[in-house]
Amino acid sequence: MTMMQPPMETGQASPFDTTTSATIVIDPQGLVIGWNRAAETLFGSAAEDVLGRPLDELVEDTEGRSSPLFSEARTPHCPWSETRRIRRPDGMPVTVVLQVSPLDHRAGGAASVVVAASAGQTQKWMTDRSMLRGLSTQSPIALTVYGPDLRVRWINDVLQEQMGLTRSECIGRYNTELLPQGMILSPEYTGVLEDVMTEVLDTGEPVFDVLYSSPTPADPSHQRIWSCSYFRLSGTDGSPLGVCESAFDITNRYEARLRLALLGRASRIGTGLDVVRAARDLVSVAVPDLADRVEVDLAEHVVADGRAVPAHDEDGTPLRPVAERSAQSPPESVPRLGLLLSAEIDGPRRMVLPLAARDAVLGTVTFTRVPPRYPFTAQDIVLAKELVSRTAVCVDNARRYARERATALTLQRSLLPQVVPQPTAVEVAHRYVPTAGPLGVGGDWYDVIPLSGARVGLVVGDVVGHGLNAAATMGRLRTTVRALAALDLTPDELLARLDDLVGQARVGIHRTSSDTPEDQALGATCLYAVYDPVTGTCTVASAGHPAPVVTMPGRPPDLLDLSVGPPLGIGGLPFECAEVHLPEGSVLALYTDGLIESRREGMDSGMGSLRRALVDPAQDLDALCDAITASVSAGSVEDDVTLLLVRVQSLPGENTASWRVARDPSAVAGTREHARAQLEQWGLRDITFITELVVSELVTNAIRYGSDPITLRMLRDRNRTLICEVTDGARTSPYLRRAANEDEGGRGLFLVAQCTDRWGTRYTREGKTIWAEVTLGPSV
């Protein structure tokens with residue numbers, strides 16, 4: 001007897017297949033004449049126990065609800081089926097489904113074949129058949145069965161609808177023949193779908209969620225996106241019969257993913273604080289993923305000076321095109337918005353959106369699509385508005401930054417020296433490069449201050465922070481330094497007084513309540529140097545500022561050996577002076593840390609570049625300034641840069657003369673004679689009267705109110721100024737007063753002030769010096 005193969009575990013084999021199911025043969029009298037082994041298993045009775053017995057005894061319904069199978073009421077030639085609950089000989093109840101098929105037999109009349117199956121097996125088989133029928137005719141999932149040769153063997157109805165092809169047009173063809181423009185979108189897979197199916201056939205491992213895109217014969221201009229999964233079909237012996245593909249249309253979901261990704265890329269918009277760059281960022285993000293062409297027009301005022309027009313302004317606002325981009329090539333092969341199959345095809349192909357932020361109109365943005373791209377859907381319009389809204393905020397921030405920076409820069413430049421003095425003792429060149437970063441203009445400053453005795457004060461400083469407050473703070477500090485320098489203080493004493501003022505939380509104002517914000521002058525740095533061309537010495541003190549670089553003829557550039565004190569307002573340590581003798585032609589470089597510090601390079605690298613640039617002290621200072629600041633003037637500055645180059649010049653010995661004066665009123669006449677003779681030697685007869693008057697009054701005051709030693713010194717500062725200085729050992733300060741008409745004295749300093757251009761007093765370690773300057777006229 002040939003053994004039958006067991007049914008498939010999937011339940012797809014019919015439970016009423018006579019080769020495998022319980023089969024009973026009944027004669028015309030209803031007696032069992034045939035009983036197979038499956039019947040023995042189902043009913044629990046052997047063949048010898050049932051043959052010859054009536055079938056109604058064997059399948060009697062235990063609940064009494066069924067009539068006999070073979071009764072006169074039955075139609076003898078019509079098959080029927082019925083369900084009964086019976087009890088097996090072992091006492092176990094079982095529900096069976098009986099299918100009765102009448103047979104014709106010439107000898108004994110009609111006989112029947114009864115095929116029986118358990119109710120559970122029958123129900124499972126019916127469910128499986130219903131599921132298969134639904135997958136074939138009603139399922140939204142496209143199903144395809146490929147043979148071992150990867151040719152299409154079967155497709156369901158939904159795939160016919162999506163493809164626009166009939167079954168006969170698909171059967172026997174490869175996927176690449178049906179969809180020649182298809183492409184796999186999943187990055188982990190390359191090649192074509194046949195490669196994926198080959199892997200499934202070879203390994204038996206299923207593959208899930210392979211994203212696949214392709215236009216279809218039903219609509220070759222637009223694309224669908226499917227999520228495809230594959231598993232191998234095997235025979236009863238395990239041999240591969242082919243591959244089943246389930247493809248779910250996720251076009252709408254993929255469109256939503258594209259919109260989300262596009263919105264994520266919107267973070268690229270406005271990374272720089274520039275209105276035009278923000279507009280260009282928008283078009284680069286939107287083309288070609290959202291539109292085929294995008295144009296951005298900004299209001300003329302926004303581009304020109306950062307101002308905006310109120311949103312309610314009905315007057316025409318002139319616009320300037322600042323950004324435009326079009327798709328370079330037809331993007332049909334790439335899944336993009338408007339190229340995917342969409343249900344909304346009645347929207348606009350061109351839309352103009354206002355670029356507005358904070359109740360101000362900044363411009364307009366125009367989006368355009370051209371066929372075969374679909375018009376903009378409602379979701380596309382929402383996305384475009386979101387991109388435009390973000391761009392508007394970025395443009396508004398950029399224009400506000402531009403205006404604030406321009407204002408701060410204007411304030412900064414107005415507070416810096418408009419015309420740098422050019423004393424005869426030094427040759428000066430300077431550069432100021434504002435920061436190009438988002439922090440705004442800083443508080444760097446420099447100054448050149450003419451002092452008495454042909455000396456020159458050199459200042460460079462840096463305020464903490466950026467913006468208008470930093471620029472205003474810089475102006476206050478610079479004014480304070482100039483006021484203190486006018487007192488002829490030494491560098492360390494000047495910084496000490498400046499530190500005291502800054503330490504009061506505001507320059508010149510006492511500390512207020514604790515709720516008041518800290519003044520930006522706190523922590524500022526300042527370097528002050530005084531160069532004396534008569535002695536050739538330079539005295540320098542620093543409050544937290546980098547030491548200057550000195551280049552002497554015949555020697556390499558080097559940092560000045562200087563003890564750097566704390567920044568202003570910190571307190572705690574005194575400031576110390578460093579004194580260095582500078583031969584004529586030496587170059588002194590004062591700078592702020594923005595010149596030598598950067599995030600890309602360390603301070604050592606910047607200092608090395610500065611030293612290399614200063615190797616030759618004889619080169620032109622303006623050209624040297626340009627060369628040093630060239631690398632930071634291209635817009636990549638991270639902090640303000642200030643550079644002050646000073647070439648020192650000594651006062652020739654023949655331009656100075658000095659005499660000791662005895663503390664005796666009779667010595668005044670002798671000093672006048674010395675002054676007259678020196679003026680004759682210098683060829684300055686035109687100012688003899690004024691000079692004798694000044695010398696007489698200053699020496700008389702020193703003899704009367706001062707103490708020994710008394711010295712008269714005359715300096716000819718090139719051919720610009722004659723300087724008369726009287727030094728004595730007392731530290732009492734003279735003052736100018738106006739004598740009454742009947743007073744016999746008190747007019748000395750008043751006469752000096754009226755006859756000279758400047759006069760003043762400076763204190764030294766030995767005492768004080770009263771000085772006066774007379775400007776030399778053109779005749780000289």
# chains A, B, ... in the order shown; residues from 1 in each chain; ligands from 1
>>> residues_around(residues="Glu82 (chain A)", least_positions_apart="2", cutoff="10 Å", atoms="only C-alpha atoms", output="PyMOL selection string")
chain A and resi 66+69+80+84+96-100+116
>>> write_last_selection(atoms="N, CA and C atoms", output="compact mmCIF listing (two decimals), in the first residue's frame")
# COMPACT_ATOMS: atom_id res chain seq x y z
N SER A 66 -29.76 15.89 14.64
CA SER A 66 -29.65 15.54 13.22
C SER A 66 -30.48 14.31 12.91
N LEU A 69 -28.68 9.99 8.11
CA LEU A 69 -28.04 10.44 6.85
C LEU A 69 -28.81 9.90 5.65
N TRP A 80 -24.57 16.42 -0.23
CA TRP A 80 -24.85 17.36 0.86
C TRP A 80 -23.79 17.17 1.94
N ARG A 84 -21.84 17.02 12.68
CA ARG A 84 -22.39 16.24 13.79
C ARG A 84 -21.36 16.15 14.92
N VAL A 96 -17.49 16.45 13.74
CA VAL A 96 -17.01 16.16 12.40
C VAL A 96 -17.93 16.81 11.37
N VAL A 97 -17.34 17.09 10.22
CA VAL A 97 -18.09 17.59 9.08
C VAL A 97 -18.13 16.47 8.06
N LEU A 98 -19.35 16.07 7.65
CA LEU A 98 -19.52 14.96 6.71
C LEU A 98 -19.99 15.51 5.38
N GLN A 99 -19.29 15.11 4.32
CA GLN A 99 -19.71 15.44 2.97
C GLN A 99 -20.13 14.13 2.28
N VAL A 100 -21.40 14.05 1.88
CA VAL A 100 -21.96 12.83 1.29
C VAL A 100 -22.12 13.06 -0.21
N ALA A 116 -15.12 12.62 5.63
CA ALA A 116 -15.29 13.24 6.94
C ALA A 116 -14.00 13.98 7.34
>>> residues_around(residues="Val365 (chain A)", least_positions_apart="5", cutoff="7 Å", atoms="only C-alpha atoms", output="JSON, numbers by chain")
{"A": [295, 296, 297, 352, 353, 354, 355]}
>>> residues_around(residues="Gly204 (chain A)", least_positions_apart="6", cutoff="9 Å", atoms="only C-alpha atoms", output="PyMOL selection string")
chain A and resi 231-233+240
>>> write_last_selection(atoms="N, CA, C and O atoms", output="JSON list (two decimals), in the first residue's frame")
[["chain", "number", "residue", "atom", "x", "y", "z"],
["A", 231, "PHE", "N", 10.30, 36.69, 0.93],
["A", 231, "PHE", "CA", 10.58, 35.42, 1.60],
["A", 231, "PHE", "C", 10.52, 34.30, 0.56],
["A", 231, "PHE", "O", 9.85, 34.42, -0.46],
["A", 232, "ARG", "N", 11.25, 33.25, 0.87],
["A", 232, "ARG", "CA", 11.38, 32.14, -0.08],
["A", 232, "ARG", "C", 10.19, 31.20, 0.03],
["A", 232, "ARG", "O", 9.70, 30.92, 1.13],
["A", 233, "LEU", "N", 9.71, 30.70, -1.11],
["A", 233, "LEU", "CA", 8.68, 29.67, -1.18],
["A", 233, "LEU", "C", 9.36, 28.33, -1.39],
["A", 233, "LEU", "O", 10.22, 28.20, -2.27],
["A", 240, "PRO", "N", 13.56, 25.11, -3.15],
["A", 240, "PRO", "CA", 13.00, 26.44, -3.42],
["A", 240, "PRO", "C", 12.12, 26.43, -4.66],
["A", 240, "PRO", "O", 12.50, 25.92, -5.71]]
>>> select_by_dssp(residues="region 253-397 of chain A", states="strand (DSSP E or B)", output="ChimeraX atom specification")
/A:293-299,309-310,319-326,340,350-357,360-368
>>> write_last_selection(atoms="N, CA, C and O atoms", output="short mmCIF file (atom, residue, chain, number, x, y, z; two decimals), in the first residue's frame")
data_model
loop_
_atom_site.label_atom_id
_atom_site.label_comp_id
_atom_site.auth_asym_id
_atom_site.auth_seq_id
_atom_site.Cartn_x
_atom_site.Cartn_y
_atom_site.Cartn_z
N ARG A 293 11.96 76.29 -9.00
CA ARG A 293 12.57 77.61 -9.05
C ARG A 293 12.11 78.40 -7.83
O ARG A 293 10.93 78.38 -7.47
N VAL A 294 13.06 79.09 -7.19
CA VAL A 294 12.75 79.94 -6.05
C VAL A 294 13.46 81.27 -6.24
O VAL A 294 14.65 81.31 -6.58
N GLU A 295 12.72 82.36 -6.02
CA GLU A 295 13.28 83.70 -6.13
C GLU A 295 13.01 84.45 -4.83
O GLU A 295 11.90 84.39 -4.30
N VAL A 296 14.02 85.16 -4.34
CA VAL A 296 13.89 85.95 -3.12
C VAL A 296 14.19 87.41 -3.46
O VAL A 296 15.26 87.72 -4.01
N ASP A 297 13.24 88.26 -3.16
CA ASP A 297 13.40 89.71 -3.34
C ASP A 297 13.30 90.36 -1.97
O ASP A 297 12.31 90.15 -1.24
N LEU A 298 14.30 91.15 -1.62
CA LEU A 298 14.31 91.85 -0.35
C LEU A 298 14.03 93.33 -0.57
O LEU A 298 14.38 93.90 -1.62
N ALA A 299 13.41 93.95 0.43
CA ALA A 299 13.16 95.38 0.37
C ALA A 299 14.48 96.13 0.25
O ALA A 299 15.49 95.76 0.87
N VAL A 309 10.26 98.05 6.45
CA VAL A 309 9.03 98.79 6.20
C VAL A 309 7.92 98.18 7.05
O VAL A 309 7.79 96.96 7.11
N PRO A 310 7.10 99.00 7.75
CA PRO A 310 6.00 98.43 8.54
C PRO A 310 5.08 97.58 7.68
O PRO A 310 4.85 97.87 6.51
N LEU A 319 11.76 96.55 -4.34
CA LEU A 319 12.40 95.28 -4.01
C LEU A 319 13.64 95.09 -4.85
O LEU A 319 13.71 95.55 -6.00
N ARG A 320 14.59 94.39 -4.28
CA ARG A 320 15.82 94.08 -4.99
C ARG A 320 16.01 92.56 -5.02
O ARG A 320 16.03 91.93 -3.97
N PRO A 321 16.14 91.95 -6.22
CA PRO A 321 16.42 90.51 -6.27
C PRO A 321 17.79 90.22 -5.66
O PRO A 321 18.79 90.82 -6.04
N VAL A 322 17.80 89.30 -4.71
CA VAL A 322 19.06 88.97 -4.05
C VAL A 322 19.44 87.51 -4.18
O VAL A 322 20.61 87.15 -3.97
N ALA A 323 18.47 86.64 -4.50
CA ALA A 323 18.77 85.21 -4.60
C ALA A 323 17.78 84.57 -5.57
O ALA A 323 16.59 84.86 -5.53
N GLU A 324 18.29 83.70 -6.42
CA GLU A 324 17.44 82.96 -7.38
C GLU A 324 18.15 81.68 -7.74
O GLU A 324 19.37 81.63 -7.88
N ARG A 325 17.34 80.61 -7.84
CA ARG A 325 17.92 79.32 -8.21
C ARG A 325 16.87 78.49 -8.92
O ARG A 325 15.70 78.50 -8.54
N SER A 326 17.30 77.79 -9.97
CA SER A 326 16.42 76.90 -10.72
C SER A 326 17.05 75.53 -10.78
O SER A 326 18.28 75.38 -10.71
N LEU A 340 5.98 62.65 -6.88
CA LEU A 340 5.40 61.41 -6.40
C LEU A 340 3.90 61.42 -6.68
O LEU A 340 3.27 62.47 -6.80
N ARG A 350 2.51 78.18 -8.78
CA ARG A 350 3.33 79.34 -8.44
C ARG A 350 2.69 80.03 -7.24
O ARG A 350 1.50 80.29 -7.23
N MET A 351 3.50 80.29 -6.23
CA MET A 351 2.97 81.00 -5.07
C MET A 351 4.00 82.01 -4.59
O MET A 351 5.22 81.77 -4.60
N VAL A 352 3.51 83.17 -4.18
CA VAL A 352 4.35 84.27 -3.68
C VAL A 352 4.00 84.47 -2.21
O VAL A 352 2.84 84.76 -1.88
N LEU A 353 4.99 84.30 -1.34
CA LEU A 353 4.78 84.41 0.10
C LEU A 353 5.52 85.64 0.62
O LEU A 353 6.66 85.91 0.20
N PRO A 354 4.91 86.39 1.53
CA PRO A 354 5.60 87.57 2.09
C PRO A 354 6.69 87.15 3.07
O PRO A 354 6.51 86.21 3.85
N LEU A 355 7.79 87.86 3.01
CA LEU A 355 8.89 87.64 3.95
C LEU A 355 8.74 88.71 5.03
O LEU A 355 9.18 89.86 4.85
N ALA A 356 8.12 88.36 6.13
CA ALA A 356 7.79 89.34 7.17
C ALA A 356 8.12 88.77 8.53
O ALA A 356 7.95 87.58 8.79
N ALA A 357 8.61 89.65 9.39
CA ALA A 357 8.95 89.26 10.77
C ALA A 357 8.79 90.48 11.66
O ALA A 357 9.17 91.59 11.28
N ALA A 360 7.15 93.65 10.31
CA ALA A 360 7.91 94.39 9.31
C ALA A 360 8.00 93.57 8.04
O ALA A 360 8.26 92.36 8.08
N VAL A 361 7.77 94.21 6.89
CA VAL A 361 7.89 93.56 5.60
C VAL A 361 9.34 93.62 5.16
O VAL A 361 9.93 94.70 5.06
N LEU A 362 9.91 92.46 4.91
CA LEU A 362 11.31 92.37 4.52
C LEU A 362 11.47 92.05 3.04
O LEU A 362 12.54 92.29 2.47
N GLY A 363 10.45 91.47 2.41
CA GLY A 363 10.55 91.12 1.00
C GLY A 363 9.53 90.06 0.65
O GLY A 363 8.53 89.85 1.35
N THR A 364 9.77 89.36 -0.45
CA THR A 364 8.88 88.29 -0.91
C THR A 364 9.71 87.10 -1.37
O THR A 364 10.88 87.24 -1.74
N VAL A 365 9.06 85.92 -1.35
CA VAL A 365 9.67 84.69 -1.85
C VAL A 365 8.69 84.06 -2.83
O VAL A 365 7.50 83.89 -2.51
N THR A 366 9.18 83.70 -4.01
CA THR A 366 8.34 83.11 -5.05
C THR A 366 8.78 81.68 -5.30
O THR A 366 9.97 81.43 -5.60
N PHE A 367 7.83 80.73 -5.18
CA PHE A 367 8.08 79.33 -5.45
C PHE A 367 7.36 78.95 -6.75
O PHE A 367 6.19 79.31 -6.93
N THR A 368 8.03 78.19 -7.62
CA THR A 368 7.45 77.81 -8.90
C THR A 368 7.74 76.34 -9.18
O THR A 368 8.85 75.86 -8.92
#
>>> atom_distance(atom1="CA of Gly536 (chain A)", atom2="CA of Leu582 (chain A)")
5.6 Å
>>> decode(residues="region 463-550 of chain A", atoms="C-alpha atoms", output="PDB file, in the first residue's frame")
ATOM      1  CA  VAL A 463      37.668  96.375  26.772  1.00  0.00           C
ATOM      2  CA  VAL A 464      35.980  93.107  27.670  1.00  0.00           C
ATOM      3  CA  GLY A 465      32.940  92.324  25.498  1.00  0.00           C
ATOM      4  CA  HIS A 466      31.533  93.578  22.219  1.00  0.00           C
ATOM      5  CA  GLY A 467      28.845  95.882  20.925  1.00  0.00           C
ATOM      6  CA  LEU A 468      27.707  99.387  21.770  1.00  0.00           C
ATOM      7  CA  ASN A 469      28.438  99.060  25.492  1.00  0.00           C
ATOM      8  CA  ALA A 470      32.012  98.010  24.813  1.00  0.00           C
ATOM      9  CA  ALA A 471      32.515 100.899  22.385  1.00  0.00           C
ATOM     10  CA  ALA A 472      31.058 103.398  24.880  1.00  0.00           C
ATOM     11  CA  THR A 473      33.230 102.002  27.662  1.00  0.00           C
ATOM     12  CA  MET A 474      36.261 102.305  25.427  1.00  0.00           C
ATOM     13  CA  GLY A 475      35.441 105.986  24.847  1.00  0.00           C
ATOM     14  CA  ARG A 476      35.221 106.624  28.590  1.00  0.00           C
ATOM     15  CA  LEU A 477      38.519 104.892  29.271  1.00  0.00           C
ATOM     16  CA  ARG A 478      40.299 106.685  26.435  1.00  0.00           C
ATOM     17  CA  THR A 479      39.061 110.067  27.668  1.00  0.00           C
ATOM     18  CA  THR A 480      40.143 109.231  31.196  1.00  0.00           C
ATOM     19  CA  VAL A 481      43.611 108.177  30.063  1.00  0.00           C
ATOM     20  CA  ARG A 482      44.067 111.422  28.097  1.00  0.00           C
ATOM     21  CA  ALA A 483      42.973 113.447  31.128  1.00  0.00           C
ATOM     22  CA  LEU A 484      45.410 111.607  33.388  1.00  0.00           C
ATOM     23  CA  ALA A 485      48.188 111.870  30.804  1.00  0.00           C
ATOM     24  CA  ALA A 486      47.748 115.659  30.789  1.00  0.00           C
ATOM     25  CA  LEU A 487      48.896 115.592  34.419  1.00  0.00           C
ATOM     26  CA  ASP A 488      52.276 114.256  33.247  1.00  0.00           C
ATOM     27  CA  LEU A 489      51.980 111.182  35.455  1.00  0.00           C
ATOM     28  CA  THR A 490      54.417 108.308  35.150  1.00  0.00           C
ATOM     29  CA  PRO A 491      52.975 105.195  33.455  1.00  0.00           C
ATOM     30  CA  ASP A 492      52.638 103.198  36.667  1.00  0.00           C
ATOM     31  CA  GLU A 493      50.982 106.084  38.509  1.00  0.00           C
ATOM     32  CA  LEU A 494      48.604 106.731  35.614  1.00  0.00           C
ATOM     33  CA  LEU A 495      47.492 103.081  35.570  1.00  0.00           C
ATOM     34  CA  ALA A 496      47.104 103.073  39.345  1.00  0.00           C
ATOM     35  CA  ARG A 497      44.729 106.045  39.219  1.00  0.00           C
ATOM     36  CA  LEU A 498      42.850 104.552  36.285  1.00  0.00           C
ATOM     37  CA  ASP A 499      42.560 101.268  38.195  1.00  0.00           C
ATOM     38  CA  ASP A 500      41.102 103.120  41.187  1.00  0.00           C
ATOM     39  CA  LEU A 501      38.448 104.739  39.022  1.00  0.00           C
ATOM     40  CA  VAL A 502      37.488 101.504  37.265  1.00  0.00           C
ATOM     41  CA  GLY A 503      37.353  99.690  40.581  1.00  0.00           C
ATOM     42  CA  GLN A 504      34.459 101.919  41.620  1.00  0.00           C
ATOM     43  CA  ALA A 505      32.282  99.898  39.152  1.00  0.00           C
ATOM     44  CA  ARG A 506      31.954 102.935  36.878  1.00  0.00           C
ATOM     45  CA  VAL A 507      34.577 105.281  35.581  1.00  0.00           C
ATOM     46  CA  GLY A 508      34.384 108.336  37.803  1.00  0.00           C
ATOM     47  CA  ILE A 509      31.184 107.180  39.563  1.00  0.00           C
ATOM     48  CA  HIS A 510      31.016 105.523  42.964  1.00  0.00           C
ATOM     49  CA  ARG A 511      29.636 102.035  43.377  1.00  0.00           C
ATOM     50  CA  THR A 512      25.844 101.817  43.493  1.00  0.00           C
ATOM     51  CA  SER A 513      23.523  99.055  44.667  1.00  0.00           C
ATOM     52  CA  SER A 514      24.395  95.401  44.156  1.00  0.00           C
ATOM     53  CA  ASP A 515      21.584  95.078  41.591  1.00  0.00           C
ATOM     54  CA  THR A 516      23.410  97.380  39.201  1.00  0.00           C
ATOM     55  CA  PRO A 517      25.113  95.387  36.402  1.00  0.00           C
ATOM     56  CA  GLU A 518      28.887  95.312  36.447  1.00  0.00           C
ATOM     57  CA  ASP A 519      30.579  97.961  34.371  1.00  0.00           C
ATOM     58  CA  GLN A 520      32.311  96.627  31.266  1.00  0.00           C
ATOM     59  CA  ALA A 521      35.400  98.616  32.209  1.00  0.00           C
ATOM     60  CA  LEU A 522      36.098  95.982  34.851  1.00  0.00           C
ATOM     61  CA  GLY A 523      38.705  93.604  33.494  1.00  0.00           C
ATOM     62  CA  ALA A 524      39.771  95.929  30.676  1.00  0.00           C
ATOM     63  CA  THR A 525      43.463  95.954  29.818  1.00  0.00           C
ATOM     64  CA  CYS A 526      45.654  98.960  29.086  1.00  0.00           C
ATOM     65  CA  LEU A 527      49.303  99.586  28.244  1.00  0.00           C
ATOM     66  CA  TYR A 528      50.806 103.061  28.623  1.00  0.00           C
ATOM     67  CA  ALA A 529      54.263 104.068  27.452  1.00  0.00           C
ATOM     68  CA  VAL A 530      56.114 107.390  27.522  1.00  0.00           C
ATOM     69  CA  TYR A 531      58.990 108.038  25.125  1.00  0.00           C
ATOM     70  CA  ASP A 532      61.479 110.825  25.874  1.00  0.00           C
ATOM     71  CA  PRO A 533      63.452 111.814  22.736  1.00  0.00           C
ATOM     72  CA  VAL A 534      65.987 113.795  24.780  1.00  0.00           C
ATOM     73  CA  THR A 535      67.222 110.788  26.754  1.00  0.00           C
ATOM     74  CA  GLY A 536      66.071 108.121  24.228  1.00  0.00           C
ATOM     75  CA  THR A 537      64.305 106.144  26.963  1.00  0.00           C
ATOM     76  CA  CYS A 538      60.870 104.581  26.890  1.00  0.00           C
ATOM     77  CA  THR A 539      59.016 103.888  30.135  1.00  0.00           C
ATOM     78  CA  VAL A 540      56.226 101.309  29.944  1.00  0.00           C
ATOM     79  CA  ALA A 541      53.614  99.930  32.375  1.00  0.00           C
ATOM     80  CA  SER A 542      50.863  97.387  31.669  1.00  0.00           C
ATOM     81  CA  ALA A 543      47.532  96.552  33.284  1.00  0.00           C
ATOM     82  CA  GLY A 544      46.915  93.026  31.990  1.00  0.00           C
ATOM     83  CA  HIS A 545      47.923  93.906  28.427  1.00  0.00           C
ATOM     84  CA  PRO A 546      50.476  91.978  26.319  1.00  0.00           C
ATOM     85  CA  ALA A 547      53.974  93.430  26.322  1.00  0.00           C
ATOM     86  CA  PRO A 548      55.026  95.314  23.169  1.00  0.00           C
ATOM     87  CA  VAL A 549      57.508  93.978  20.646  1.00  0.00           C
ATOM     88  CA  VAL A 550      60.683  96.048  20.236  1.00  0.00           C
TER      89      VAL A 550
END
